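K.L.:
So here's entry.txt (compact mmCIF, C-alpha atoms and all ligand atoms).
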```
# COMPACT_ATOMS: atom_id res chain seq x y z
CA MET A 1 0.00 0.00 0.00
CA ALA A 2 1.26 3.52 -0.84
CA ARG A 3 1.91 5.88 2.04
CA VAL A 4 -1.47 6.96 3.47
CA SER A 5 -2.58 10.48 4.35
CA PRO A 6 -2.96 11.61 8.00
CA GLY A 7 -6.78 11.40 7.63
CA VAL A 8 -6.67 7.80 6.43
CA GLU A 9 -4.13 7.02 9.18
CA GLU A 10 -6.53 8.38 11.81
CA ALA A 11 -9.42 6.35 10.38
CA LEU A 12 -7.29 3.20 10.43
CA GLU A 13 -6.39 3.88 14.05
CA ASN A 14 -10.11 4.16 14.88
CA VAL A 15 -10.78 0.79 13.24
CA ASN A 16 -7.87 -0.77 15.12
CA GLU A 17 -9.02 0.53 18.47
CA VAL A 18 -12.64 -0.57 18.03
CA SER A 19 -11.53 -4.01 16.83
CA ARG A 20 -9.36 -4.30 19.97
CA GLY A 21 -12.44 -3.53 22.09
CA LYS A 22 -11.36 -0.02 23.05
CA LEU A 23 -14.68 1.77 22.77
CA ASP A 24 -15.57 5.44 23.07
CA LEU A 25 -19.41 5.46 23.04
CA SER A 26 -19.64 9.15 23.96
CA TRP A 27 -22.00 9.63 20.96
CA MET A 28 -24.59 7.63 22.90
CA ASN A 29 -25.07 10.49 25.35
CA SER A 30 -24.31 13.36 22.98
CA ASN A 31 -27.87 14.74 22.73
CA PRO A 32 -29.71 14.22 26.05
CA SER A 33 -32.39 16.87 25.38
CA GLY A 34 -33.17 15.27 22.04
CA TRP A 35 -33.45 11.73 23.41
CA GLY A 36 -36.59 9.81 24.39
CA VAL A 37 -38.98 11.03 21.71
CA LYS A 38 -41.56 8.80 20.11
CA ALA A 39 -43.25 10.15 16.99
CA THR A 40 -46.44 8.42 15.93
CA PRO A 41 -48.66 8.75 12.83
CA ARG A 42 -51.80 10.84 13.37
CA ASP A 43 -53.82 9.03 10.74
CA GLU A 44 -53.79 6.61 7.84
CA ARG A 45 -51.38 8.78 5.87
CA GLY A 46 -48.54 7.29 7.91
CA LEU A 47 -45.67 8.97 9.72
CA CYS A 48 -45.57 12.45 8.22
CA LEU A 49 -43.15 15.35 8.47
CA GLU A 50 -45.76 17.19 10.53
CA ASP A 51 -45.84 14.25 12.99
CA ILE A 52 -42.09 14.26 13.63
CA ASN A 53 -42.23 18.03 14.11
CA ARG A 54 -44.57 17.57 17.08
CA VAL A 55 -42.08 15.67 19.24
CA GLY A 56 -39.52 17.20 21.60
CA ARG A 57 -37.80 20.25 20.21
CA TYR A 58 -37.43 18.85 16.72
CA GLY A 59 -40.12 21.10 15.32
CA GLU A 60 -38.47 24.30 16.60
CA VAL A 61 -37.27 26.20 13.54
CA PRO A 62 -34.76 28.96 14.33
CA GLU A 63 -35.16 32.48 12.92
CA ARG A 64 -31.55 32.18 11.76
CA GLY A 65 -30.22 28.92 10.38
CA GLY A 66 -27.60 27.31 12.59
CA LYS A 67 -24.38 29.27 12.71
CA HIS A 68 -22.52 26.11 11.83
CA GLY A 69 -23.75 26.26 8.19
CA SER A 70 -23.23 22.55 7.90
CA MET A 71 -25.48 19.71 6.84
CA ALA A 72 -26.07 18.71 10.48
CA PRO A 73 -29.71 17.59 10.90
CA ARG A 74 -31.75 20.14 12.90
CA GLY A 75 -31.94 19.01 16.53
CA SER A 76 -28.79 16.87 16.46
CA ASN A 77 -25.71 17.48 18.59
CA VAL A 78 -23.38 19.78 16.66
CA PRO A 79 -19.74 19.45 17.80
CA ASP A 80 -17.89 22.78 18.13
CA ASP A 81 -15.34 21.78 15.52
CA LEU A 82 -17.92 20.77 12.89
CA PRO A 83 -16.80 22.57 9.74
CA ALA A 84 -19.14 25.03 7.99
CA LEU A 85 -19.41 24.33 4.28
CA GLY A 86 -19.79 28.00 3.45
CA CYS A 87 -22.49 27.51 0.82
CA TYR A 88 -25.65 27.49 2.97
CA ASP A 89 -25.88 31.26 3.11
CA ILE A 90 -29.68 31.61 2.81
CA ASP A 91 -30.09 31.41 6.55
CA ASP A 92 -32.83 33.95 7.35
CA LYS A 93 -36.01 31.98 7.97
CA SER A 94 -38.23 34.79 6.68
CA THR A 95 -36.72 34.58 3.19
CA VAL A 96 -37.86 31.00 2.59
CA TRP A 97 -40.37 29.91 5.23
CA ALA A 98 -44.10 29.29 4.93
CA GLU A 99 -46.23 28.03 7.82
CA ASN A 100 -47.84 25.37 5.62
CA VAL A 101 -44.63 24.01 4.09
CA ALA A 102 -44.36 20.73 6.07
CA HIS A 103 -48.03 20.01 5.41
CA LEU A 104 -47.59 20.69 1.69
CA TYR A 105 -44.59 18.36 1.51
CA ASP A 106 -46.57 15.57 3.21
CA GLU A 107 -49.36 16.12 0.72
CA ALA A 108 -46.92 16.13 -2.22
CA VAL A 109 -45.50 12.78 -1.17
CA ALA A 110 -48.98 11.28 -0.72
CA ARG A 111 -50.25 12.48 -4.11
CA GLN A 112 -47.46 11.59 -6.51
CA TRP A 113 -48.70 10.21 -9.83
CA SER A 114 -47.19 8.80 -12.97
CA SER A 115 -47.63 10.23 -16.44
CA ALA A 116 -46.91 6.76 -17.80
CA ARG A 117 -49.45 4.79 -15.76
CA ASP A 118 -52.11 7.17 -14.43
CA ILE A 119 -53.22 8.77 -17.70
CA PRO A 120 -55.70 6.68 -19.73
CA TRP A 121 -53.62 6.95 -22.92
CA ASP A 122 -55.72 4.24 -24.58
CA GLN A 123 -58.71 6.61 -24.51
CA LEU A 124 -57.17 9.05 -27.01
CA THR A 125 -59.24 9.19 -30.18
CA PRO A 126 -58.51 10.64 -33.64
CA GLN A 127 -59.40 14.34 -33.79
CA PRO A 128 -60.18 16.80 -36.60
CA GLU A 129 -56.95 18.41 -37.78
CA ASP A 130 -57.66 21.90 -36.36
CA LEU A 131 -58.37 20.53 -32.89
CA GLU A 132 -55.36 18.20 -32.81
CA LYS A 133 -53.11 21.03 -33.99
CA ALA A 134 -54.55 23.39 -31.37
CA MET A 135 -54.02 20.78 -28.66
CA CYS A 136 -50.45 20.19 -29.80
CA GLN A 137 -49.72 23.94 -29.82
CA VAL A 138 -51.09 24.27 -26.27
CA CYS A 139 -48.95 21.29 -25.20
CA THR A 140 -45.89 22.85 -26.88
CA ASN A 141 -46.45 26.08 -24.89
CA LEU A 142 -46.95 24.19 -21.64
CA ALA A 143 -43.94 21.90 -22.17
CA GLU A 144 -41.91 25.08 -22.77
CA ILE A 145 -42.95 26.89 -19.60
CA GLU A 146 -43.46 24.05 -17.08
CA PHE A 147 -39.89 23.38 -16.08
CA ILE A 148 -39.03 26.96 -15.22
CA ALA A 149 -40.82 26.05 -12.00
CA GLY A 150 -38.24 23.27 -11.55
CA ASP A 151 -35.21 25.33 -12.53
CA MET A 152 -36.07 28.31 -10.34
CA PRO A 153 -36.30 26.35 -7.03
CA ALA A 154 -33.22 24.35 -8.07
CA LYS A 155 -31.28 27.60 -8.49
CA TRP A 156 -31.88 28.57 -4.84
CA MET A 157 -32.44 25.27 -3.02
CA TRP A 158 -28.82 24.21 -2.58
CA ARG A 159 -28.04 27.47 -0.75
CA ILE A 160 -30.86 27.15 1.79
CA ASN A 161 -29.66 26.38 5.33
CA HIS A 162 -30.38 22.84 6.43
CA ASP A 163 -32.27 24.04 9.49
CA PHE A 164 -35.08 24.83 7.03
CA HIS A 165 -35.14 21.31 5.65
CA GLU A 166 -38.95 21.38 5.24
CA VAL A 167 -38.53 24.08 2.58
CA LYS A 168 -35.82 22.12 0.80
CA LEU A 169 -37.91 18.96 0.79
CA PHE A 170 -40.96 20.82 -0.50
CA LEU A 171 -38.95 22.46 -3.29
CA ALA A 172 -37.49 19.06 -4.20
CA SER A 173 -41.05 17.73 -4.51
CA GLN A 174 -41.95 20.70 -6.69
CA ILE A 175 -38.99 20.04 -8.98
CA PHE A 176 -40.22 16.51 -9.54
CA ASP A 177 -43.82 17.68 -10.01
CA GLU A 178 -42.65 20.03 -12.75
CA ALA A 179 -40.60 17.30 -14.41
CA ARG A 180 -43.80 15.27 -14.59
CA HIS A 181 -45.74 18.21 -16.02
CA MET A 182 -43.17 18.81 -18.71
CA GLU A 183 -43.15 15.14 -19.70
CA VAL A 184 -46.95 14.73 -19.66
CA PHE A 185 -47.55 17.64 -22.05
CA ARG A 186 -44.74 16.45 -24.30
CA LYS A 187 -46.25 12.96 -24.26
CA ARG A 188 -49.71 14.28 -25.15
CA ALA A 189 -48.31 16.16 -28.16
CA LEU A 190 -46.60 13.03 -29.43
CA ALA A 191 -49.34 10.51 -28.68
CA ASN A 192 -52.18 11.20 -31.11
CA GLY A 193 -50.81 11.61 -34.62
CA GLY A 194 -49.66 15.22 -34.17
CA GLY A 195 -46.40 16.50 -32.70
CA LEU A 196 -44.83 19.58 -31.18
CA LEU A 197 -45.57 22.89 -32.92
CA ARG A 198 -44.11 26.40 -32.31
CA SER A 199 -42.15 27.64 -29.29
CA SER A 200 -42.58 31.22 -28.14
CA LYS A 201 -40.33 34.28 -27.90
CA SER A 202 -42.66 35.88 -25.32
CA SER A 203 -42.51 32.79 -23.14
CA GLU A 204 -38.73 32.88 -23.12
CA GLU A 205 -38.74 36.57 -22.17
CA GLY A 206 -41.26 36.01 -19.37
CA LEU A 207 -39.34 33.05 -18.00
CA ARG A 208 -36.09 35.01 -18.03
CA LEU A 209 -37.59 37.37 -15.45
CA ILE A 210 -38.16 34.43 -13.09
CA ILE A 211 -34.79 32.78 -13.52
CA GLU A 212 -32.95 36.13 -13.16
CA ALA A 213 -34.90 37.29 -10.08
CA PRO A 214 -32.47 38.88 -7.60
CA ASN A 215 -33.56 36.81 -4.59
CA PHE A 216 -35.70 33.79 -3.76
CA THR A 217 -38.71 35.68 -2.39
CA VAL A 218 -38.99 37.93 -5.43
CA GLY A 219 -38.60 34.91 -7.74
CA SER A 220 -41.22 33.04 -5.71
CA ALA A 221 -43.75 35.90 -5.88
CA LEU A 222 -43.31 36.03 -9.65
CA MET A 223 -43.44 32.32 -10.19
CA HIS A 224 -45.50 30.71 -7.41
CA ILE A 225 -48.19 33.37 -7.15
CA LEU A 226 -48.33 35.07 -10.53
CA GLY A 227 -47.13 32.51 -13.09
CA GLU A 228 -48.33 29.34 -11.44
CA GLY A 229 -51.46 31.11 -10.18
CA PHE A 230 -52.48 31.83 -13.77
CA VAL A 231 -51.64 28.25 -14.75
CA LEU A 232 -53.64 26.90 -11.79
CA THR A 233 -56.77 28.76 -12.89
CA LEU A 234 -56.20 27.49 -16.43
CA PHE A 235 -55.87 23.87 -15.28
CA ARG A 236 -58.85 24.21 -12.95
CA ASN A 237 -60.85 25.03 -16.08
CA GLY A 238 -59.06 22.34 -18.09
CA GLU A 239 -62.33 20.76 -19.10
CA MET A 240 -62.79 23.78 -21.39
CA PHE A 241 -59.73 22.74 -23.42
CA SER A 242 -60.07 18.95 -23.24
CA LEU A 243 -60.81 16.76 -26.23
CA THR A 244 -60.84 13.35 -24.51
CA PRO A 245 -60.64 11.85 -20.99
CA VAL A 246 -56.85 11.96 -21.44
CA GLU A 247 -56.59 15.75 -21.33
CA LYS A 248 -59.18 15.98 -18.56
CA LYS A 249 -57.09 13.68 -16.37
CA ILE A 250 -53.85 15.49 -17.24
CA PHE A 251 -55.28 18.89 -16.31
CA ARG A 252 -56.88 17.54 -13.12
CA LEU A 253 -53.70 15.89 -11.84
CA CYS A 254 -51.48 18.85 -12.79
CA MET A 255 -54.00 21.16 -11.09
CA GLN A 256 -53.58 19.34 -7.75
CA ASP A 257 -49.80 19.81 -7.97
CA GLU A 258 -50.06 23.46 -8.96
CA ALA A 259 -52.41 24.16 -6.06
CA ARG A 260 -49.60 23.13 -3.67
CA HIS A 261 -47.03 25.29 -5.41
CA VAL A 262 -49.32 28.33 -5.34
CA ALA A 263 -50.23 27.66 -1.68
CA TYR A 264 -46.56 27.62 -0.72
CA GLY A 265 -45.83 30.86 -2.60
CA THR A 266 -48.82 32.65 -1.08
CA MET A 267 -47.96 31.64 2.47
CA HIS A 268 -44.27 32.37 1.95
CA LEU A 269 -44.99 35.91 0.78
CA LYS A 270 -47.31 36.38 3.76
CA TYR A 271 -44.61 35.22 6.18
CA PHE A 272 -41.99 37.38 4.49
CA LEU A 273 -44.11 40.56 4.48
CA GLU A 274 -45.08 40.08 8.14
CA LYS A 275 -41.36 40.08 8.99
CA HIS A 276 -40.33 42.69 6.41
CA PRO A 277 -43.23 45.09 5.74
CA GLU A 278 -40.67 47.65 4.55
CA ARG A 279 -39.95 45.48 1.51
CA GLU A 280 -43.47 45.58 0.07
CA SER A 281 -42.44 48.03 -2.67
CA GLU A 282 -39.81 45.56 -3.92
CA ILE A 283 -42.59 43.00 -4.40
CA HIS A 284 -44.86 45.54 -6.15
CA ASP A 285 -42.06 46.45 -8.55
CA ILE A 286 -41.35 42.88 -9.60
CA LEU A 287 -45.04 42.01 -9.85
CA GLN A 288 -45.61 44.93 -12.15
CA ARG A 289 -42.94 43.63 -14.52
CA GLY A 290 -44.21 40.10 -14.07
CA GLU A 291 -47.82 41.03 -14.87
CA GLU A 292 -46.74 42.59 -18.15
CA ALA A 293 -44.60 39.57 -19.03
CA THR A 294 -47.33 37.07 -18.07
CA PHE A 295 -49.92 38.99 -20.08
CA ASN A 296 -47.69 39.01 -23.15
CA LEU A 297 -46.80 35.37 -22.70
CA ASN A 298 -50.45 34.32 -22.46
CA GLN A 299 -51.72 36.50 -25.30
CA THR A 300 -49.41 35.58 -28.16
CA ARG A 301 -51.22 34.85 -31.40
CA ASP A 302 -50.22 31.18 -31.25
CA THR A 303 -51.45 30.76 -27.69
CA ILE A 304 -54.79 32.57 -27.90
CA GLU A 305 -55.70 31.10 -31.26
CA ALA A 306 -54.95 27.55 -30.15
CA ARG A 307 -56.74 27.94 -26.82
CA ALA A 308 -59.79 29.58 -28.44
CA ILE A 309 -60.06 26.84 -31.06
CA LEU A 310 -60.05 24.21 -28.30
CA ALA A 311 -62.45 26.17 -26.08
CA GLY A 312 -64.85 26.74 -28.99
CA GLY A 313 -64.66 23.19 -30.26
CA GLY A 314 -63.14 23.96 -33.68
CA ILE A 315 -61.88 26.80 -35.85
CA GLU A 316 -65.41 27.58 -37.06
CA HIS A 317 -66.50 28.22 -33.45
CA ILE A 318 -63.51 30.37 -32.51
CA ASP A 319 -65.80 33.28 -31.46
CA GLU A 320 -67.42 31.06 -28.88
CA GLY A 321 -63.94 30.02 -27.77
CA PHE A 322 -62.84 33.66 -27.33
CA LYS A 323 -65.86 34.29 -25.13
CA LYS A 324 -64.76 31.47 -22.84
CA MET A 325 -61.20 32.79 -22.90
CA ARG A 326 -62.40 36.21 -21.75
CA PHE A 327 -64.26 34.56 -18.89
CA LEU A 328 -61.16 32.56 -17.97
CA PHE A 329 -58.90 35.62 -18.04
CA LYS A 330 -61.22 37.51 -15.70
CA LYS A 331 -61.08 34.57 -13.33
CA GLN A 332 -57.28 34.47 -13.51
CA ILE A 333 -57.08 38.13 -12.52
CA THR A 334 -59.66 37.80 -9.72
CA GLU A 335 -57.93 34.76 -8.23
CA TYR A 336 -54.49 36.36 -8.55
CA LEU A 337 -55.60 39.50 -6.70
CA HIS A 338 -57.31 37.37 -4.06
CA ARG A 339 -54.15 35.33 -3.41
CA LEU A 340 -52.09 38.49 -3.11
CA LYS A 341 -54.58 39.82 -0.60
CA MET A 342 -54.17 36.64 1.43
CA ALA A 343 -50.43 37.27 1.36
CA GLY A 344 -51.05 40.81 2.62
CA ILE A 345 -50.54 42.81 -0.54
CA ASP A 346 -53.15 44.80 -2.46
CA ARG A 347 -52.59 45.36 -6.16
CA ALA A 348 -56.18 46.02 -7.24
CA ASP A 349 -55.40 49.67 -8.03
CA ARG A 350 -51.88 49.05 -9.22
CA LEU A 351 -52.39 46.25 -11.72
CA ALA A 352 -50.19 46.77 -14.79
CA ILE A 353 -52.53 44.92 -17.14
CA PRO A 354 -56.26 45.13 -17.98
CA THR A 355 -58.68 43.20 -15.80
CA GLU A 356 -60.60 42.05 -18.87
CA LEU A 357 -59.69 41.07 -22.41
CA PRO A 358 -61.10 43.36 -25.12
CA THR A 359 -64.28 42.15 -26.82
FE FE B 401 -46.28 22.80 -13.34
FE FE B 402 -46.02 24.33 -10.54
```
Translate the structure of the given file into structure tokens.
Ligand SMILES: [Fe+2]
Ligand SMILES: [Fe+2]
P.N.:
Amino acid sequence: MARVSPGVEEALENVNEVSRGKLDLSWMNSNPSGWGVKATPRDERGLCLEDINRVGRYGEVPERGGKHGSMAPRGSNVPDDLPALGCYDIDDKSTVWAENVAHLYDEAVARQWSSARDIPWDQLTPQPEDLEKAMCQVCTNLAEIEFIAGDMPAKWMWRINHDFHEVKLFLASQIFDEARHMEVFRKRALANGGGLLRSSKSSEEGLRLIIEAPNFTVGSALMHILGEGFVLTLFRNGEMFSLTPVEKKIFRLCMQDEARHVAYGTMHLKYFLEKHPERESEIHDILQRGEEATFNLNQTRDTIEARAILAGGGIEHIDEGFKKMRFLFKKQITEYLHRLKMAGIDRADRLAIPTELPT
């Protein structure tokens, strides 16, 4: 064997001592105040994150992430010489926390679904050309925008202090949800004789605003409340755009996931503004830019034509489709303003876009 490093030498010495019966065992008594807990499931959902947060002091989340900046699990004994890794610098609870985050993670885990198995792909039926093309254009748009909601949390997640592990776990669940959304819309476009159609310049410009947001909270307000809020209302009315039971199921399952993402964003903004009311103007500024970008992204010719053809039931009924689109847009605005109100911010008089589409 080549000459070993001091670290390997120390590890070998440990092995030698233990094998000779020279035990330390001090770890056994390293965390007396954290010992003797017994978490139990509250119901048939099993042992949830919320359940283990109800025992001992394990559910106490500090306002500032542990000074150690390590990966030490919250509530464990942290030796004084534990090295900080230096990368977990998002350590202010108010910049990531939401009171419902553990609950939302538990729900995410319980409601995972598979785009391969849980969609009744065998119920797709041949469609008139205009409807299949409109569906494929809508799926192209959605496949293009869905994974921004995976990339944005991924950009910030690795910097979040481990004392806020509930947030990290929830964001990890969101990243996988979005992966599933991207794949399911791609699959729908490729599964019924059509294919992907045209990507969108406006979408790319809107998404850039999210990915380049200067901090997590601003990015979250833009994405979780505004962007995903609009998408949630769209999916909730997915029946309007569905051709077969396949699309209905896709929209319904994606809607459940989006509801969690929007709920996290709303409660996070509420928590943040309660702690930092002085930063409300920063949120207004970004939302103003976001509203303009979201409006442009949703009203491109490709998007509105395709959606109106689906909503009307064919190109010859596009007027009927536009009527439904106007109704949907009004709903998107109403629900968006309502969610912001829940978060403690009023934009009714400051909205940068019309509240109704022109007739
Ligand atoms: Fe999504
Ligand atoms: Fe989402």
K.L.:
Got a sec: who's within 8 Å of A:Glu99, counting only C-alpha atoms, leaving out chain neighbours fewer than 3 positions off, as number ranges by chain?
P.N.:
A: 102, 267-268, 271
K.L.:
Go through chain A and flag each residue having an atom no more than 6 Å from ligand FE 402 (chain B); for those, report the closest pair of atoms plus their distance in Å to one decimal, using all atoms listed in the file, ordered by chain and rising number, as a tab-separated table.
P.N.:
```
residue	atom	partner	partner_atom	distance
A:Ala149	CA	B:FE402	FE	5.7
A:Glu178	CA	B:FE402	FE	5.9
A:Glu228	CA	B:FE402	FE	5.6
A:Glu258	CA	B:FE402	FE	4.4
A:His261	CA	B:FE402	FE	5.3
```
K.L.:
Given only C-alpha atoms as the basis, pick out the residue of A:Asp80, A:Asp118, A:Asp92, A:Glu50 nearest to A:Arg180.
P.N.:
A:Asp118
K.L.:
Can you measure atom CA of A:Thr233 to atom CA of A:Ala213 for me? One decimal in Å is fine.
P.N.:
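Here the two named atoms are 23.6 Å from each other.
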K.L.:
Sorted by chain and rising residue number, list the residues of chain A at most 9 Å from ligand FE 401 (chain B) (counting all atoms listed in the file), each with its closest atom pair and distance in Å to one decimal, as a Markdown table.
P.N.:
```
| residue | atom | partner | partner_atom | distance |
| --- | --- | --- | --- | --- |
| A:Leu142 | CA | B:FE401 | FE | 8.4 |
| A:Ile145 | CA | B:FE401 | FE | 8.2 |
| A:Glu146 | CA | B:FE401 | FE | 4.8 |
| A:Phe147 | CA | B:FE401 | FE | 7.0 |
| A:Ile148 | CA | B:FE401 | FE | 8.6 |
| A:Ala149 | CA | B:FE401 | FE | 6.5 |
| A:Gly150 | CA | B:FE401 | FE | 8.3 |
| A:Gln174 | CA | B:FE401 | FE | 8.2 |
| A:Ile175 | CA | B:FE401 | FE | 8.9 |
| A:Asp177 | CA | B:FE401 | FE | 6.6 |
| A:Glu178 | CA | B:FE401 | FE | 4.6 |
| A:Ala179 | CA | B:FE401 | FE | 8.0 |
| A:Arg180 | CA | B:FE401 | FE | 8.0 |
| A:His181 | CA | B:FE401 | FE | 5.3 |
| A:Met182 | CA | B:FE401 | FE | 7.4 |
| A:Glu228 | CA | B:FE401 | FE | 7.1 |
| A:Val231 | CA | B:FE401 | FE | 7.8 |
| A:Leu232 | CA | B:FE401 | FE | 8.6 |
| A:Cys254 | CA | B:FE401 | FE | 6.6 |
| A:Met255 | CA | B:FE401 | FE | 8.2 |
| A:Asp257 | CA | B:FE401 | FE | 7.1 |
| A:Glu258 | CA | B:FE401 | FE | 5.8 |
| A:His261 | CA | B:FE401 | FE | 8.3 |
```
K.L.:
Find the residues near A:Ile90: any atom within 7 Å, counting only C-alpha atoms, skip ones fewer than 4 places away on the same chain, and give them as a list in words.
P.N.:
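That gives Arg159, Ile160 and Asn161 of chain A.
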K.L.:
Any chance you can output those residues with C-alpha atoms as a PDB file, in the coordinates of the input?
P.N.:
```pdb
ATOM      1  CA  ARG A 159     -28.040  27.470  -0.750  1.00  0.00           C
ATOM      2  CA  ILE A 160     -30.860  27.150   1.790  1.00  0.00           C
ATOM      3  CA  ASN A 161     -29.660  26.380   5.330  1.00  0.00           C
TER       4      ASN A 161
END
```
K.L.:
Nearest residue to A:Gln127 out of A:Glu10, A:Asp151, A:Cys87, A:Gly193, using only C-alpha atoms?
P.N.:
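Selected residue with least distance to A:Gln127: A:Gly193.
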K.L.:
What does the distance between atom CA of A:Phe185 and atom CA of A:Glu292 come to in Å, to one decimal place?
P.N.:
25.3 Å
K.L.:
Go ahead and compute the interatomic distance for atom CA of A:Ala108 and atom CA of A:Phe251, in Å to one decimal.
P.N.:
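Answer for the atom CA of A:Ala108 to atom CA of A:Phe251 separation: 16.6 Å.
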K.L.:
I'd like to know which of A:Ile52, A:Cys136, A:Leu234, A:Val96 is closest to A:Ser199, using only C-alpha atoms.
P.N.:
A:Cys136
K.L.:
Restricting the calculation to only C-alpha atoms, which member of A:Glu107, A:Asp302, A:Glu9, A:Asp346 is positioned closest to A:Lys270?
P.N.:
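Looking only at the distances to A:Lys270, the closest residue turns out to be A:Asp346.
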K.L.:
Using only C-alpha atoms, which residues sit within 12 Å of A:Ser76 once same-chain residues fewer than 6 positions away are excluded, as a ChimeraX atom specification?
P.N.:
/A:27,29-35,56-58,66,70,162-163
K.L.:
Could you check which of A:Ala263, A:Leu337, A:Val4, A:Leu357 is closest to A:Met325, using only C-alpha atoms?
P.N.:
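Closest to A:Met325 of all the choices is A:Leu357.
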K.L.:
Taking all atoms listed in the file into account, which of A:Thr40, A:Ser200, A:Gln332, A:Gln137 comes nearest A:Arg236?
P.N.:
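That would be A:Gln332, the residue with the smallest distance to A:Arg236.
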K.L.:
Neighbours of A:Leu340 within 8 Å (all atoms listed in the file; same-chain residues fewer than 5 positions away dropped), as a PDB file with C-alpha atoms, keeping the file's coordinate frame?
P.N.:
```
ATOM      1  CA  ILE A 225     -48.190  33.370  -7.150  1.00  0.00           C
ATOM      2  CA  THR A 266     -48.820  32.650  -1.080  1.00  0.00           C
ATOM      3  CA  ILE A 345     -50.540  42.810  -0.540  1.00  0.00           C
ATOM      4  CA  ASP A 346     -53.150  44.800  -2.460  1.00  0.00           C
ATOM      5  CA  ARG A 347     -52.590  45.360  -6.160  1.00  0.00           C
TER       6      ARG A 347
END
```
K.L.:
What lies within 9 Å of A:Met223 using only C-alpha atoms, ignoring chain neighbours under 2 positions off, as a list of chain:residue names?
P.N.:
A:Ile148, A:Ala149, A:Met152, A:Leu207, A:Ile210, A:Val218, A:Gly219, A:Ser220, A:Ala221, A:Ile225, A:Leu226, A:Gly227, A:Glu228, A:Gly229, A:Val262, A:Gly265, A:Gly290
